[in-house]
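Undergrad: For reference, this is work_8.cif, and it has mmCIF, N, CA and C atoms.
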data_protein
#
loop_
_atom_site.group_PDB
_atom_site.id
_atom_site.type_symbol
_atom_site.label_atom_id
_atom_site.label_comp_id
_atom_site.auth_asym_id
_atom_site.auth_seq_id
_atom_site.Cartn_x
_atom_site.Cartn_y
_atom_site.Cartn_z
ATOM 1 N N MET O 1 104.088 85.937 111.533
ATOM 2 C CA MET O 1 103.316 85.528 112.694
ATOM 3 C C MET O 1 102.230 86.560 112.948
ATOM 4 N N GLY O 2 101.136 86.063 113.365
ATOM 5 C CA GLY O 2 100.075 86.892 113.888
ATOM 6 C C GLY O 2 99.807 86.403 115.302
ATOM 7 N N PHE O 3 99.346 87.273 116.171
ATOM 8 C CA PHE O 3 99.106 86.832 117.546
ATOM 9 C C PHE O 3 98.156 87.772 118.248
ATOM 10 N N GLN O 4 97.460 87.226 119.207
ATOM 11 C CA GLN O 4 96.565 88.013 120.039
ATOM 12 C C GLN O 4 97.388 88.710 121.116
ATOM 13 N N SER O 5 96.889 89.823 121.581
ATOM 14 C CA SER O 5 97.633 90.588 122.598
ATOM 15 C C SER O 5 97.810 89.805 123.885
ATOM 16 N N THR O 6 97.010 88.783 124.095
ATOM 17 C CA THR O 6 97.110 87.980 125.314
ATOM 18 C C THR O 6 98.162 86.870 125.211
ATOM 19 N N ALA O 7 98.772 86.695 124.053
ATOM 20 C CA ALA O 7 99.787 85.639 123.879
ATOM 21 C C ALA O 7 101.001 85.951 124.754
ATOM 22 N N THR O 8 101.470 84.954 125.467
ATOM 23 C CA THR O 8 102.638 85.128 126.325
ATOM 24 C C THR O 8 103.916 84.867 125.520
ATOM 25 N N PRO O 9 105.062 85.353 126.008
ATOM 26 C CA PRO O 9 106.311 85.044 125.317
ATOM 27 C C PRO O 9 106.524 83.541 125.155
ATOM 28 N N GLN O 10 106.174 82.757 126.173
ATOM 29 C CA GLN O 10 106.340 81.309 126.075
ATOM 30 C C GLN O 10 105.449 80.721 124.985
ATOM 31 N N THR O 11 104.210 81.184 124.894
ATOM 32 C CA THR O 11 103.299 80.712 123.857
ATOM 33 C C THR O 11 103.844 81.054 122.471
ATOM 34 N N LEU O 12 104.375 82.257 122.326
ATOM 35 C CA LEU O 12 104.944 82.681 121.043
ATOM 36 C C LEU O 12 106.150 81.817 120.669
ATOM 37 N N ARG O 13 107.033 81.583 121.623
ATOM 38 C CA ARG O 13 108.217 80.757 121.351
ATOM 39 C C ARG O 13 107.834 79.316 121.027
ATOM 40 N N THR O 14 106.870 78.775 121.766
ATOM 41 C CA THR O 14 106.412 77.405 121.521
ATOM 42 C C THR O 14 105.799 77.279 120.128
ATOM 43 N N ALA O 15 104.983 78.233 119.752
ATOM 44 C CA ALA O 15 104.366 78.198 118.423
ATOM 45 C C ALA O 15 105.433 78.274 117.329
ATOM 46 N N LEU O 16 106.393 79.168 117.486
ATOM 47 C CA LEU O 16 107.454 79.306 116.478
ATOM 48 C C LEU O 16 108.275 78.027 116.381
ATOM 49 N N ALA O 17 108.507 77.376 117.501
ATOM 50 C CA ALA O 17 109.286 76.135 117.501
ATOM 51 C C ALA O 17 108.536 74.985 116.824
ATOM 52 N N SER O 18 107.243 75.142 116.610
ATOM 53 C CA SER O 18 106.442 74.070 116.007
ATOM 54 C C SER O 18 106.606 73.974 114.492
ATOM 55 N N VAL O 19 107.218 74.973 113.887
ATOM 56 C CA VAL O 19 107.474 74.922 112.438
ATOM 57 C C VAL O 19 108.960 74.673 112.229
ATOM 58 N N GLU O 20 109.288 74.179 111.057
ATOM 59 C CA GLU O 20 110.706 73.956 110.766
ATOM 60 C C GLU O 20 111.460 75.275 110.899
ATOM 61 N N ALA O 21 112.745 75.189 111.072
ATOM 62 C CA ALA O 21 113.567 76.387 111.249
ATOM 63 C C ALA O 21 113.287 77.398 110.133
ATOM 64 N N VAL O 22 113.138 78.639 110.521
ATOM 65 C CA VAL O 22 112.900 79.715 109.562
ATOM 66 C C VAL O 22 114.040 80.718 109.643
ATOM 67 N N ASP O 23 114.349 81.311 108.506
ATOM 68 C CA ASP O 23 115.428 82.302 108.458
ATOM 69 C C ASP O 23 115.005 83.632 109.056
ATOM 70 N N ARG O 24 113.735 83.995 108.824
ATOM 71 C CA ARG O 24 113.254 85.306 109.236
ATOM 72 C C ARG O 24 111.860 85.178 109.833
ATOM 73 N N VAL O 25 111.573 86.066 110.763
ATOM 74 C CA VAL O 25 110.253 86.143 111.379
ATOM 75 C C VAL O 25 109.700 87.522 111.064
ATOM 76 N N ALA O 26 108.425 87.563 110.684
ATOM 77 C CA ALA O 26 107.794 88.846 110.355
ATOM 78 C C ALA O 26 106.382 88.882 110.903
ATOM 79 N N THR O 27 105.887 90.091 111.120
ATOM 80 C CA THR O 27 104.508 90.313 111.524
ATOM 81 C C THR O 27 104.084 91.690 111.038
ATOM 82 N N ALA O 28 102.827 92.038 111.282
ATOM 83 C CA ALA O 28 102.308 93.349 110.904
ATOM 84 C C ALA O 28 103.115 94.437 111.606
ATOM 85 N N ALA O 29 103.355 95.517 110.901
ATOM 86 C CA ALA O 29 104.197 96.601 111.408
ATOM 87 C C ALA O 29 103.879 97.028 112.842
ATOM 88 N N PRO O 30 102.607 97.232 113.208
ATOM 89 C CA PRO O 30 102.337 97.690 114.578
ATOM 90 C C PRO O 30 102.700 96.682 115.671
ATOM 91 N N LYS O 31 102.892 95.418 115.306
ATOM 92 C CA LYS O 31 103.151 94.374 116.295
ATOM 93 C C LYS O 31 104.616 93.941 116.352
ATOM 94 N N ALA O 32 105.445 94.413 115.438
ATOM 95 C CA ALA O 32 106.811 93.902 115.294
ATOM 96 C C ALA O 32 107.669 94.099 116.545
ATOM 97 N N ALA O 33 107.639 95.269 117.141
ATOM 98 C CA ALA O 33 108.484 95.532 118.307
ATOM 99 C C ALA O 33 108.103 94.629 119.480
ATOM 100 N N ALA O 34 106.806 94.462 119.718
ATOM 101 C CA ALA O 34 106.356 93.612 120.821
ATOM 102 C C ALA O 34 106.750 92.154 120.582
ATOM 103 N N LEU O 35 106.633 91.698 119.339
ATOM 104 C CA LEU O 35 107.004 90.316 119.033
ATOM 105 C C LEU O 35 108.508 90.112 119.170
ATOM 106 N N ALA O 36 109.302 91.067 118.706
ATOM 107 C CA ALA O 36 110.761 90.967 118.834
ATOM 108 C C ALA O 36 111.167 90.883 120.301
ATOM 109 N N GLN O 37 110.556 91.699 121.123
ATOM 110 C CA GLN O 37 110.878 91.683 122.554
ATOM 111 C C GLN O 37 110.471 90.343 123.174
ATOM 112 N N ALA O 38 109.299 89.843 122.833
ATOM 113 C CA ALA O 38 108.819 88.581 123.410
ATOM 114 C C ALA O 38 109.662 87.391 122.969
ATOM 115 N N LEU O 39 110.105 87.394 121.706
ATOM 116 C CA LEU O 39 110.895 86.278 121.192
ATOM 117 C C LEU O 39 112.382 86.403 121.484
ATOM 118 N N GLY O 40 112.842 87.624 121.745
ATOM 119 C CA GLY O 40 114.266 87.845 121.958
ATOM 120 C C GLY O 40 115.069 87.661 120.680
ATOM 121 N N ARG O 41 114.479 88.034 119.545
ATOM 122 C CA ARG O 41 115.169 87.927 118.253
ATOM 123 C C ARG O 41 114.626 88.995 117.313
ATOM 124 N N ASP O 42 115.322 89.217 116.231
ATOM 125 C CA ASP O 42 114.871 90.192 115.240
ATOM 126 C C ASP O 42 113.562 89.745 114.614
ATOM 127 N N VAL O 43 112.681 90.703 114.430
ATOM 128 C CA VAL O 43 111.401 90.470 113.757
ATOM 129 C C VAL O 43 111.237 91.574 112.719
ATOM 130 N N GLU O 44 110.899 91.179 111.511
ATOM 131 C CA GLU O 44 110.711 92.149 110.441
ATOM 132 C C GLU O 44 109.292 92.691 110.458
ATOM 133 N N SER O 45 109.203 93.968 110.194
ATOM 134 C CA SER O 45 107.943 94.683 110.147
ATOM 135 C C SER O 45 107.411 94.641 108.712
ATOM 136 N N ALA O 46 106.166 94.221 108.536
ATOM 137 C CA ALA O 46 105.584 94.114 107.198
ATOM 138 C C ALA O 46 104.299 94.925 107.114
ATOM 139 N N GLU O 47 104.155 95.662 106.037
ATOM 140 C CA GLU O 47 102.902 96.370 105.757
ATOM 141 C C GLU O 47 101.979 95.357 105.101
ATOM 142 N N VAL O 48 100.974 94.888 105.834
ATOM 143 C CA VAL O 48 100.146 93.779 105.376
ATOM 144 C C VAL O 48 98.804 94.188 104.779
ATOM 145 N N ALA O 49 98.380 95.414 105.002
ATOM 146 C CA ALA O 49 97.072 95.860 104.494
ATOM 147 C C ALA O 49 97.015 95.698 102.981
ATOM 148 N N GLY O 50 95.936 95.102 102.522
ATOM 149 C CA GLY O 50 95.717 94.937 101.092
ATOM 150 C C GLY O 50 96.380 93.722 100.469
ATOM 151 N N ILE O 51 97.152 92.982 101.248
ATOM 152 C CA ILE O 51 97.800 91.777 100.722
ATOM 153 C C ILE O 51 96.768 90.650 100.673
ATOM 154 N N SER O 52 96.607 90.049 99.512
ATOM 155 C CA SER O 52 95.661 88.948 99.331
ATOM 156 C C SER O 52 96.240 87.663 99.919
ATOM 157 N N THR O 53 95.419 86.962 100.679
ATOM 158 C CA THR O 53 95.856 85.708 101.303
ATOM 159 C C THR O 53 94.857 84.600 100.981
ATOM 160 N N PRO O 54 95.323 83.352 100.943
ATOM 161 C CA PRO O 54 94.413 82.263 100.616
ATOM 162 C C PRO O 54 93.406 81.934 101.709
ATOM 163 N N THR O 55 93.689 82.289 102.943
ATOM 164 C CA THR O 55 92.721 82.051 104.009
ATOM 165 C C THR O 55 92.219 83.388 104.529
ATOM 166 N N MET O 56 91.098 83.368 105.252
ATOM 167 C CA MET O 56 90.458 84.622 105.648
ATOM 168 C C MET O 56 89.975 84.571 107.083
ATOM 169 N N SER O 57 90.465 85.502 107.876
ATOM 170 C CA SER O 57 89.969 85.722 109.230
ATOM 171 C C SER O 57 89.288 87.086 109.229
ATOM 172 N N GLN O 58 88.033 87.120 109.592
ATOM 173 C CA GLN O 58 87.318 88.399 109.635
ATOM 174 C C GLN O 58 87.954 89.351 110.651
ATOM 175 N N ALA O 59 88.448 88.815 111.753
ATOM 176 C CA ALA O 59 89.100 89.660 112.766
ATOM 177 C C ALA O 59 90.364 90.293 112.192
ATOM 178 N N SER O 60 91.157 89.511 111.459
ATOM 179 C CA SER O 60 92.375 90.034 110.833
ATOM 180 C C SER O 60 92.036 91.078 109.777
ATOM 181 N N LEU O 61 91.010 90.806 108.998
ATOM 182 C CA LEU O 61 90.599 91.745 107.959
ATOM 183 C C LEU O 61 90.179 93.074 108.574
ATOM 184 N N ALA O 62 89.403 93.015 109.640
ATOM 185 C CA ALA O 62 88.945 94.241 110.299
ATOM 186 C C ALA O 62 90.091 95.011 110.948
ATOM 187 N N ALA O 63 91.005 94.302 111.581
ATOM 188 C CA ALA O 63 92.080 94.965 112.325
ATOM 189 C C ALA O 63 93.266 95.379 111.465
ATOM 190 N N HIS O 64 93.572 94.582 110.417
ATOM 191 C CA HIS O 64 94.807 94.812 109.677
ATOM 192 C C HIS O 64 94.645 94.930 108.165
ATOM 193 N N GLY O 65 93.426 94.784 107.675
ATOM 194 C CA GLY O 65 93.187 94.952 106.238
ATOM 195 C C GLY O 65 93.677 93.804 105.380
ATOM 196 N N THR O 66 93.832 92.632 105.972
ATOM 197 C CA THR O 66 94.237 91.433 105.234
ATOM 198 C C THR O 66 93.576 90.222 105.881
ATOM 199 N N GLY O 67 93.386 89.181 105.114
ATOM 200 C CA GLY O 67 92.720 87.986 105.621
ATOM 201 C C GLY O 67 93.513 87.203 106.634
ATOM 202 N N SER O 68 94.840 87.317 106.579
ATOM 203 C CA SER O 68 95.713 86.604 107.522
ATOM 204 C C SER O 68 97.000 87.394 107.697
ATOM 205 N N VAL O 69 97.223 87.903 108.887
ATOM 206 C CA VAL O 69 98.461 88.635 109.159
ATOM 207 C C VAL O 69 99.671 87.741 108.918
ATOM 208 N N ALA O 70 99.606 86.508 109.386
ATOM 209 C CA ALA O 70 100.751 85.599 109.244
ATOM 210 C C ALA O 70 101.078 85.340 107.780
ATOM 211 N N GLU O 71 100.059 85.028 106.980
ATOM 212 C CA GLU O 71 100.298 84.764 105.563
ATOM 213 C C GLU O 71 100.783 86.012 104.838
ATOM 214 N N ALA O 72 100.148 87.141 105.101
ATOM 215 C CA ALA O 72 100.535 88.385 104.429
ATOM 216 C C ALA O 72 101.965 88.782 104.795
ATOM 217 N N ALA O 73 102.321 88.719 106.071
ATOM 218 C CA ALA O 73 103.676 89.078 106.495
ATOM 219 C C ALA O 73 104.700 88.142 105.866
ATOM 220 N N ALA O 74 104.398 86.852 105.837
ATOM 221 C CA ALA O 74 105.317 85.886 105.224
ATOM 222 C C ALA O 74 105.520 86.199 103.746
ATOM 223 N N LEU O 75 104.430 86.497 103.042
ATOM 224 C CA LEU O 75 104.535 86.796 101.610
ATOM 225 C C LEU O 75 105.307 88.090 101.346
ATOM 226 N N VAL O 76 105.041 89.119 102.145
ATOM 227 C CA VAL O 76 105.737 90.402 101.966
ATOM 228 C C VAL O 76 107.238 90.232 102.167
ATOM 229 N N VAL O 77 107.629 89.587 103.244
ATOM 230 C CA VAL O 77 109.047 89.437 103.563
ATOM 231 C C VAL O 77 109.743 88.475 102.593
ATOM 232 N N ALA O 78 109.010 87.489 102.096
ATOM 233 C CA ALA O 78 109.602 86.556 101.125
ATOM 234 C C ALA O 78 109.935 87.258 99.811
ATOM 235 N N GLY O 79 109.270 88.344 99.515
ATOM 236 C CA GLY O 79 109.604 89.158 98.345
ATOM 237 C C GLY O 79 109.092 88.608 97.030
ATOM 238 N N ARG O 80 109.812 88.973 95.961
ATOM 239 C CA ARG O 80 109.391 88.564 94.614
ATOM 240 C C ARG O 80 109.288 87.046 94.524
ATOM 241 N N ASN O 81 108.355 86.608 93.710
ATOM 242 C CA ASN O 81 108.111 85.182 93.499
ATOM 243 C C ASN O 81 107.744 84.449 94.787
ATOM 244 N N ALA O 82 107.185 85.180 95.749
ATOM 245 C CA ALA O 82 106.812 84.574 97.027
ATOM 246 C C ALA O 82 105.694 83.558 96.837
ATOM 247 N N ARG O 83 105.821 82.480 97.598
ATOM 248 C CA ARG O 83 104.748 81.486 97.629
ATOM 249 C C ARG O 83 104.709 80.904 99.029
ATOM 250 N N LEU O 84 103.498 80.628 99.471
ATOM 251 C CA LEU O 84 103.328 80.035 100.798
ATOM 252 C C LEU O 84 103.688 78.562 100.766
ATOM 253 N N LEU O 85 104.524 78.150 101.697
ATOM 254 C CA LEU O 85 104.823 76.735 101.878
ATOM 255 C C LEU O 85 103.798 76.112 102.812
ATOM 256 N N ASN O 86 103.324 76.912 103.763
ATOM 257 C CA ASN O 86 102.290 76.487 104.706
ATOM 258 C C ASN O 86 101.335 77.649 104.917
ATOM 259 N N THR O 87 100.032 77.413 104.693
ATOM 260 C CA THR O 87 99.054 78.436 105.033
ATOM 261 C C THR O 87 98.966 78.514 106.550
ATOM 262 N N ARG O 88 98.182 79.447 107.021
ATOM 263 C CA ARG O 88 98.161 79.711 108.466
ATOM 264 C C ARG O 88 97.804 78.489 109.289
ATOM 265 N N LYS O 89 98.503 78.391 110.383
ATOM 266 C CA LYS O 89 98.292 77.343 111.381
ATOM 267 C C LYS O 89 98.175 78.079 112.708
ATOM 268 N N ILE O 90 97.141 77.780 113.463
ATOM 269 C CA ILE O 90 96.889 78.493 114.714
ATOM 270 C C ILE O 90 97.229 77.592 115.891
ATOM 271 N N ILE O 91 98.093 78.121 116.759
ATOM 272 C CA ILE O 91 98.531 77.384 117.947
ATOM 273 C C ILE O 91 98.409 78.313 119.155
ATOM 274 N N GLY O 92 97.452 78.055 120.009
ATOM 275 C CA GLY O 92 97.304 78.830 121.242
ATOM 276 C C GLY O 92 97.213 80.333 121.057
ATOM 277 N N GLY O 93 96.458 80.786 120.075
ATOM 278 C CA GLY O 93 96.311 82.222 119.841
ATOM 279 C C GLY O 93 97.410 82.826 118.989
ATOM 280 N N VAL O 94 98.313 81.996 118.499
ATOM 281 C CA VAL O 94 99.406 82.445 117.625
ATOM 282 C C VAL O 94 99.175 81.840 116.254
ATOM 283 N N THR O 95 99.267 82.669 115.222
ATOM 284 C CA THR O 95 99.060 82.192 113.865
ATOM 285 C C THR O 95 100.388 82.233 113.122
ATOM 286 N N LEU O 96 100.719 81.120 112.482
ATOM 287 C CA LEU O 96 101.991 80.997 111.758
ATOM 288 C C LEU O 96 101.730 80.664 110.305
ATOM 289 N N ALA O 97 102.568 81.173 109.428
ATOM 290 C CA ALA O 97 102.573 80.798 108.007
ATOM 291 C C ALA O 97 104.013 80.874 107.544
ATOM 292 N N VAL O 98 104.366 80.048 106.577
ATOM 293 C CA VAL O 98 105.740 80.013 106.075
ATOM 294 C C VAL O 98 105.708 80.225 104.574
ATOM 295 N N ALA O 99 106.594 81.107 104.108
ATOM 296 C CA ALA O 99 106.690 81.394 102.673
ATOM 297 C C ALA O 99 108.149 81.406 102.251
ATOM 298 N N GLU O 100 108.351 81.250 100.944
ATOM 299 C CA GLU O 100 109.687 81.410 100.384
ATOM 300 C C GLU O 100 109.582 82.269 99.142
ATOM 301 N N GLY O 101 110.680 82.907 98.802
ATOM 302 C CA GLY O 101 110.733 83.773 97.628
ATOM 303 C C GLY O 101 112.131 84.293 97.440
ATOM 304 N N ASP O 102 112.249 85.381 96.692
ATOM 305 C CA ASP O 102 113.553 85.969 96.378
ATOM 306 C C ASP O 102 114.007 87.012 97.391
ATOM 307 N N GLY O 103 113.288 87.148 98.480
ATOM 308 C CA GLY O 103 113.640 88.136 99.512
ATOM 309 C C GLY O 103 113.186 89.517 99.123
ATOM 310 N N ARG O 104 113.115 90.401 100.104
ATOM 311 C CA ARG O 104 112.713 91.772 99.776
ATOM 312 C C ARG O 104 113.842 92.710 99.982
#
Mind turning the file's structure into structure tokens?
TA:
Amino acid sequence: MGFQSTATPQTLRTALASVEAVDRVATAAPKAAALAQALGRDVESAEVAGISTPTMSQASLAAHGTGSVAEAAALVVAGRNARLLNTRKIIGGVTLAVAEGDGR
């Protein structure tokens, strides 16, 4: 997940509920604690800088060194043989992407 600092816990939960059930939630390392607190669940911290993503947000690139925090975090946490099942989808300032792989 990627999200703007103005995203509310309700907005984050609503956005997450819009995708099929996921085993794990991840975001960029600096945002993980805030997201975990807002969602009330474990969130994995991912080092996303330099991760190539199929979509590109200039704001994400400038702030986090990757084209999409959501896609990069999903790919990192999915581990080896990771592939995106869904590229980024933006819902109310929250960006979601879903990936699968062999785990990290």
Undergrad: Name the residues that the PyMOL selection byres ((chain O and resi 19-30) around 5) pulls out of this structure, and write them as an mmCIF file with N, CA and C atoms, in the coordinates of the input.
TA:
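Written out: out-v9.cif:
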data_model
loop_
_atom_site.group_PDB
_atom_site.id
_atom_site.type_symbol
_atom_site.label_atom_id
_atom_site.label_comp_id
_atom_site.auth_asym_id
_atom_site.auth_seq_id
_atom_site.Cartn_x
_atom_site.Cartn_y
_atom_site.Cartn_z
ATOM 1 N N MET O 1 104.088 85.937 111.533
ATOM 2 C CA MET O 1 103.316 85.528 112.694
ATOM 3 C C MET O 1 102.230 86.560 112.948
ATOM 4 N N LEU O 16 106.393 79.168 117.486
ATOM 5 C CA LEU O 16 107.454 79.306 116.478
ATOM 6 C C LEU O 16 108.275 78.027 116.381
ATOM 7 N N ALA O 17 108.507 77.376 117.501
ATOM 8 C CA ALA O 17 109.286 76.135 117.501
ATOM 9 C C ALA O 17 108.536 74.985 116.824
ATOM 10 N N SER O 18 107.243 75.142 116.610
ATOM 11 C CA SER O 18 106.442 74.070 116.007
ATOM 12 C C SER O 18 106.606 73.974 114.492
ATOM 13 N N LYS O 31 102.892 95.418 115.306
ATOM 14 C CA LYS O 31 103.151 94.374 116.295
ATOM 15 C C LYS O 31 104.616 93.941 116.352
ATOM 16 N N ALA O 32 105.445 94.413 115.438
ATOM 17 C CA ALA O 32 106.811 93.902 115.294
ATOM 18 C C ALA O 32 107.669 94.099 116.545
ATOM 19 N N VAL O 43 112.681 90.703 114.430
ATOM 20 C CA VAL O 43 111.401 90.470 113.757
ATOM 21 C C VAL O 43 111.237 91.574 112.719
ATOM 22 N N GLU O 44 110.899 91.179 111.511
ATOM 23 C CA GLU O 44 110.711 92.149 110.441
ATOM 24 C C GLU O 44 109.292 92.691 110.458
ATOM 25 N N SER O 45 109.203 93.968 110.194
ATOM 26 C CA SER O 45 107.943 94.683 110.147
ATOM 27 C C SER O 45 107.411 94.641 108.712
ATOM 28 N N ALA O 46 106.166 94.221 108.536
ATOM 29 C CA ALA O 46 105.584 94.114 107.198
ATOM 30 C C ALA O 46 104.299 94.925 107.114
ATOM 31 N N GLU O 47 104.155 95.662 106.037
ATOM 32 C CA GLU O 47 102.902 96.370 105.757
ATOM 33 C C GLU O 47 101.979 95.357 105.101
#
Undergrad: Which one is closest to Arg80 of chain O: O:Ala63, O:Ala38, O:Ala33, O:Ala99? Count only C-alpha atoms.
TA: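 Looking only at the distances to Arg80 of chain O, the closest residue turns out to be O:Ala99.
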Undergrad: Edge lengths and centre in Å to one decimal, as JSON, is what I'm after for the box along x, y and z that holds all listed atoms of segment 81-88 of chain O once 6 Å is added on each side.
TA:
{"center_x": 103.1, "center_y": 81.4, "center_z": 101.4, "size_x": 22.6, "size_y": 22.5, "size_z": 27.8}
Undergrad: Hey, can you check how far atom CA of Gly101 of chain O sits from atom CA of Asn81 of chain O?
TA: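 We find that atom CA of Gly101 of chain O and atom CA of Asn81 of chain O lie 5.1 Å from each other.
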Undergrad: Just list the residues in chain O DSSP gives strand (DSSP E or B) on the backbone, as a PyMOL selection string.
TA: chain O and resi 2-3+26-28+44-46+79+83-91+94-100+103
Undergrad: Pick from O:Ala59, O:Leu12, O:Ile91, O:Val98: nearest to Ala72 of chain O, with only C-alpha atoms counted?
TA: O:Val98
Undergrad: Which residue out of O:Thr11, O:Thr66, O:Thr53, O:Gln58 has the minimum interatomic distance to Ile90 of chain O when only C-alpha atoms are used?
TA: O:Thr11
Undergrad: What is the atom N of Leu85 of chain O-atom C of Ala34 of chain O distance in Å, reported with one decimal?
TA: 23.6 Å
Undergrad: Write out as a list in words each polymer residue whose atoms come within 6 Å of Val94 of chain O, counting all atoms listed in the file; drop sequence neighbours fewer than 6 positions from it.
TA: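 The contact residues come out as Gly2, Phe3 and Gln4 of chain O.
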Undergrad: To test your reading of the syntax: which residues would the PyMOL selection byres ((chain O and resi 79) around 6) return for the file shown? Reply as a PyMOL selection string.
TA: chain O and resi 75-78+80-82+101-104
Undergrad: Please measure the separation of atom CA of Thr8 of chain O and atom N of Arg83 of chain O, giving the value in Å to one decimal.
TA: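 Atom-to-atom, atom CA of Thr8 of chain O to atom N of Arg83 of chain O, that is 29.0 Å.
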Undergrad: Quick one: pick out all alpha helix (DSSP H) residues within chain O from a backbone DSSP run and write them as a short mmCIF file (atom, residue, chain, number, x, y, z; two decimals) with N, CA and C atoms, in the coordinates of the input.
TA:
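The resulting part.cif:
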data_model
loop_
_atom_site.label_atom_id
_atom_site.label_comp_id
_atom_site.auth_asym_id
_atom_site.auth_seq_id
_atom_site.Cartn_x
_atom_site.Cartn_y
_atom_site.Cartn_z
N PRO O 9 105.06 85.35 126.01
CA PRO O 9 106.31 85.04 125.32
C PRO O 9 106.52 83.54 125.16
N GLN O 10 106.17 82.76 126.17
CA GLN O 10 106.34 81.31 126.08
C GLN O 10 105.45 80.72 124.98
N THR O 11 104.21 81.18 124.89
CA THR O 11 103.30 80.71 123.86
C THR O 11 103.84 81.05 122.47
N LEU O 12 104.38 82.26 122.33
CA LEU O 12 104.94 82.68 121.04
C LEU O 12 106.15 81.82 120.67
N ARG O 13 107.03 81.58 121.62
CA ARG O 13 108.22 80.76 121.35
C ARG O 13 107.83 79.32 121.03
N THR O 14 106.87 78.78 121.77
CA THR O 14 106.41 77.40 121.52
C THR O 14 105.80 77.28 120.13
N ALA O 15 104.98 78.23 119.75
CA ALA O 15 104.37 78.20 118.42
C ALA O 15 105.43 78.27 117.33
N LEU O 16 106.39 79.17 117.49
CA LEU O 16 107.45 79.31 116.48
C LEU O 16 108.28 78.03 116.38
N ALA O 17 108.51 77.38 117.50
CA ALA O 17 109.29 76.14 117.50
C ALA O 17 108.54 74.98 116.82
N ALA O 32 105.44 94.41 115.44
CA ALA O 32 106.81 93.90 115.29
C ALA O 32 107.67 94.10 116.54
N ALA O 33 107.64 95.27 117.14
CA ALA O 33 108.48 95.53 118.31
C ALA O 33 108.10 94.63 119.48
N ALA O 34 106.81 94.46 119.72
CA ALA O 34 106.36 93.61 120.82
C ALA O 34 106.75 92.15 120.58
N LEU O 35 106.63 91.70 119.34
CA LEU O 35 107.00 90.32 119.03
C LEU O 35 108.51 90.11 119.17
N ALA O 36 109.30 91.07 118.71
CA ALA O 36 110.76 90.97 118.83
C ALA O 36 111.17 90.88 120.30
N GLN O 37 110.56 91.70 121.12
CA GLN O 37 110.88 91.68 122.55
C GLN O 37 110.47 90.34 123.17
N ALA O 38 109.30 89.84 122.83
CA ALA O 38 108.82 88.58 123.41
C ALA O 38 109.66 87.39 122.97
N LEU O 39 110.10 87.39 121.71
CA LEU O 39 110.90 86.28 121.19
C LEU O 39 112.38 86.40 121.48
N GLN O 58 88.03 87.12 109.59
CA GLN O 58 87.32 88.40 109.64
C GLN O 58 87.95 89.35 110.65
N ALA O 59 88.45 88.82 111.75
CA ALA O 59 89.10 89.66 112.77
C ALA O 59 90.36 90.29 112.19
N SER O 60 91.16 89.51 111.46
CA SER O 60 92.38 90.03 110.83
C SER O 60 92.04 91.08 109.78
N LEU O 61 91.01 90.81 109.00
CA LEU O 61 90.60 91.74 107.96
C LEU O 61 90.18 93.07 108.57
N ALA O 62 89.40 93.02 109.64
CA ALA O 62 88.94 94.24 110.30
C ALA O 62 90.09 95.01 110.95
N ALA O 63 91.00 94.30 111.58
CA ALA O 63 92.08 94.96 112.32
C ALA O 63 93.27 95.38 111.46
N HIS O 64 93.57 94.58 110.42
CA HIS O 64 94.81 94.81 109.68
C HIS O 64 94.64 94.93 108.16
N VAL O 69 97.22 87.90 108.89
CA VAL O 69 98.46 88.64 109.16
C VAL O 69 99.67 87.74 108.92
N ALA O 70 99.61 86.51 109.39
CA ALA O 70 100.75 85.60 109.24
C ALA O 70 101.08 85.34 107.78
N GLU O 71 100.06 85.03 106.98
CA GLU O 71 100.30 84.76 105.56
C GLU O 71 100.78 86.01 104.84
N ALA O 72 100.15 87.14 105.10
CA ALA O 72 100.54 88.38 104.43
C ALA O 72 101.96 88.78 104.80
N ALA O 73 102.32 88.72 106.07
CA ALA O 73 103.68 89.08 106.50
C ALA O 73 104.70 88.14 105.87
N ALA O 74 104.40 86.85 105.84
CA ALA O 74 105.32 85.89 105.22
C ALA O 74 105.52 86.20 103.75
N LEU O 75 104.43 86.50 103.04
CA LEU O 75 104.54 86.80 101.61
C LEU O 75 105.31 88.09 101.35
N VAL O 76 105.04 89.12 102.14
CA VAL O 76 105.74 90.40 101.97
C VAL O 76 107.24 90.23 102.17
N VAL O 77 107.63 89.59 103.24
CA VAL O 77 109.05 89.44 103.56
C VAL O 77 109.74 88.48 102.59
N ALA O 78 109.01 87.49 102.10
CA ALA O 78 109.60 86.56 101.12
C ALA O 78 109.94 87.26 99.81
#
Undergrad: Applying the PyMOL selection byres (((chain O and resi 56 and name CA) around 12) and name CA) to the file I just gave you, which residues come out? Please list them as a list in words.
TA: Ile51, Ser52, Thr53, Pro54, Thr55, Ser57, Gln58, Ala59, Ser60, Leu61, Ala62, His64, Gly65, Thr66, Gly67, Ser68, Val69, Ala70, Glu71, Ala72, Thr87 and Arg88 of chain O
